[in-house]
Amino acid sequence: MKAVEGNYIIQTVSRALDLLEQFQVGDAELGITDLSNRMNLQKNNVFRLVATLKAKKYIEINATTGKYRLGIKTRALGQVATRLIDFASQARPFLSDLKQQCHETCYFSIIKDGNTCYLEGVESDLPVRVSQQIGSSRPLYCTAAGRVQLAFMEPQTQLDLLSRSEMKGLTARTITDPVAVHNELRKVAQQGYAIEDQEHDAGVMEIAAPVFDSQGAVVGALSILGPEMRLAGARLESELLPLLCRSAARLSSALGYCRTQEPRTEISVPAPTSKRKARTAGSKQLLFGA
């Protein structure tokens, strides 16, 4: 497999990445000659690589020394990677605790590239289970984790994300009408959690609650994913939703969120016309309860 993958490596891209990695070792600033010696490449080849990376802001020149250093783009990517790792490590103990209490598969998700991405998860210990690969993505409009993040976003960001989504009917239950989706998001914002009942996969349910950071911005979602036969019914209202929302509230607190803050939930959409029965068990008390 490795030999096959090696056949697809683009040498110029590989060299550009090798060049960036030179700044990890020792000096924070390097000249063309330094890079040429370290990489065993001719100076004109190094210069072309440097010129390309500089144009894309992955490296920059120090006008005083005439040498190059990592640019703003590499620092920004590093900060994103660090933040995602921090979120995963922060969420892990809450996911483990949640799974121990409900025995279903639990995830922490973020929005990435216009989809909800499963950043971390703990799989159910039951013989019949539902699971998604860590790092995999699903649409925002027809998943509980996607909807609950959309519902607590700034209205313009929400609309921008939805406008880029092609709303396909994945099952007979999938809501694809934009107005109906907006109405569903309004309901999610009001009740503090989202329920997806077999809209992405037949026989599978997902429930999700939002996670906020210290600024009161939604940064992800905790969710429980499992067979509809176990998640639906009285257990949903009496056990799973309160448990999930308390866990999400505790994770938000760990990230610096103050419960006296009111997350923005304003959504510029028409009045609700959803035909689905509203679930109001506990409303925001579920979200902010201890």
# chains A, B, ... in the order shown; residues from 1 in each chain; ligands from 1

$ residues_around --residues "Ala209 (chain A)" --least-positions-apart "2" --cutoff "12 Å" --atoms "only C-alpha atoms" --output "PyMOL selection string"
chain A and resi 106-110+143-152+188-189+191-196+206-207+211-212+218-224+240-252+283-284+286-288

$ residues_around --residues "Ser131 (chain A)" --least-positions-apart "4" --cutoff "12 Å" --atoms "only C-alpha atoms" --output "PyMOL selection string"
chain A and resi 104-107+118+120-127+135-136+201+204-206+223-227

$ atom_distance --atom1 "CA of Gly66 (chain A)" --atom2 "CA of Arg38 (chain A)"
17.9 Å

$ residues_around --residues "Ala16 (chain A)" --least-positions-apart "2" --cutoff "10 Å" --atoms "only C-alpha atoms" --output "VMD selection string"
chain A and resid 11 to 14 18 to 21 46 48 to 50 52 to 53

$ select_by_dssp --residues "region 90-175 of chain A" --states "helix (DSSP H, G or I)" --output "VMD selection string"
chain A and resid 90 to 102 144 to 151 155 to 163

$ atom_distance --atom1 "CA of Gln198 (chain A)" --atom2 "CA of Tyr141 (chain A)"
12.8 Å

$ closest_residue --among "A:Ile59, A:Ala51, A:Leu77, A:Leu17" --to "Leu30 (chain A)" --atoms "only C-alpha atoms"
A:Ile59

$ select_by_dssp --residues "region 86-141 of chain A" --states "strand (DSSP E or B)" --output "JSON, numbers by chain"
{"A": [105, 106, 107, 108, 109, 110, 111, 112, 115, 116, 117, 118, 119, 120, 121, 122, 137, 138]}

$ write_last_selection --atoms "N, CA and C atoms" --output "tab-separated table (two decimals), in the first residue's frame"
chain	number	residue	atom	x	y	z
A	105	THR	N	-23.13	5.26	21.64
A	105	THR	CA	-21.98	5.93	21.03
A	105	THR	C	-22.14	7.45	21.17
A	106	CYS	N	-21.08	8.11	21.61
A	106	CYS	CA	-21.12	9.55	21.87
A	106	CYS	C	-20.00	10.25	21.10
A	107	TYR	N	-20.31	11.46	20.60
A	107	TYR	CA	-19.34	12.20	19.80
A	107	TYR	C	-19.27	13.67	20.21
A	108	PHE	N	-18.10	14.25	19.93
A	108	PHE	CA	-17.96	15.71	19.93
A	108	PHE	C	-17.67	16.10	18.49
A	109	SER	N	-18.48	17.01	17.95
A	109	SER	CA	-18.38	17.40	16.55
A	109	SER	C	-18.12	18.89	16.41
A	110	ILE	N	-17.48	19.26	15.32
A	110	ILE	CA	-17.28	20.66	14.96
A	110	ILE	C	-17.72	20.84	13.51
A	111	ILE	N	-17.86	22.08	13.09
A	111	ILE	CA	-18.15	22.35	11.68
A	111	ILE	C	-16.83	22.56	10.95
A	112	LYS	N	-16.65	21.80	9.89
A	112	LYS	CA	-15.43	21.88	9.09
A	112	LYS	C	-15.80	21.69	7.62
A	115	ASN	N	-19.47	20.99	6.68
A	115	ASN	CA	-20.12	19.80	7.22
A	115	ASN	C	-19.87	19.71	8.71
A	116	THR	N	-20.59	18.81	9.38
A	116	THR	CA	-20.26	18.54	10.77
A	116	THR	C	-19.28	17.38	10.78
A	117	CYS	N	-18.17	17.57	11.48
A	117	CYS	CA	-17.07	16.60	11.49
A	117	CYS	C	-16.94	15.99	12.88
A	118	TYR	N	-16.89	14.66	12.94
A	118	TYR	CA	-16.74	13.97	14.22
A	118	TYR	C	-15.28	14.02	14.66
A	119	LEU	N	-14.99	14.95	15.58
A	119	LEU	CA	-13.61	15.20	16.00
A	119	LEU	C	-13.14	14.18	17.04
A	120	GLU	N	-14.04	13.73	17.89
A	120	GLU	CA	-13.70	12.77	18.93
A	120	GLU	C	-14.93	11.95	19.26
A	121	GLY	N	-14.75	10.72	19.71
A	121	GLY	CA	-15.91	9.89	20.02
A	121	GLY	C	-15.55	8.70	20.88
A	122	VAL	N	-16.57	8.14	21.51
A	122	VAL	CA	-16.44	6.92	22.30
A	122	VAL	C	-17.56	5.98	21.87
A	137	SER	N	-17.29	13.12	8.09
A	137	SER	CA	-18.21	14.27	8.05
A	137	SER	C	-19.59	13.85	7.59
A	138	ARG	N	-20.59	14.61	8.04
A	138	ARG	CA	-21.97	14.42	7.59
A	138	ARG	C	-22.59	15.79	7.36

$ residues_around --residues "Arg173 (chain A)" --least-positions-apart "3" --cutoff "8 Å" --atoms "only C-alpha atoms" --output "list of chain:residue names"
A:Gly169, A:Leu170, A:Asp197, A:Gln198, A:Glu199

$ write_last_selection --atoms "C-alpha atoms" --output "PDB file, in the first residue's frame"
ATOM      1  CA  GLY A 169     -33.336  13.418   0.556  1.00  0.00           C
ATOM      2  CA  LEU A 170     -31.148  10.716   2.099  1.00  0.00           C
ATOM      3  CA  ASP A 197     -34.964  10.951  13.675  1.00  0.00           C
ATOM      4  CA  GLN A 198     -33.760   8.711  10.822  1.00  0.00           C
ATOM      5  CA  GLU A 199     -33.108  11.596   8.427  1.00  0.00           C
TER       6      GLU A 199
END

$ atom_distance --atom1 "CA of Asn62 (chain A)" --atom2 "CA of Lys43 (chain A)"
18.8 Å

$ closest_residue --among "A:Gln100, A:Gln24, A:Thr176, A:Ser214" --to "Arg69 (chain A)" --atoms "only C-alpha atoms"
A:Gln24

$ closest_residue --among "A:Ser89, A:Thr174, A:Thr74, A:Gln156" --to "Cys142 (chain A)" --atoms "only C-alpha atoms"
A:Thr174

$ closest_residue --among "A:Met39, A:Ala208, A:Leu70, A:Leu231" --to "Lys54 (chain A)" --atoms "only C-alpha atoms"
A:Leu70
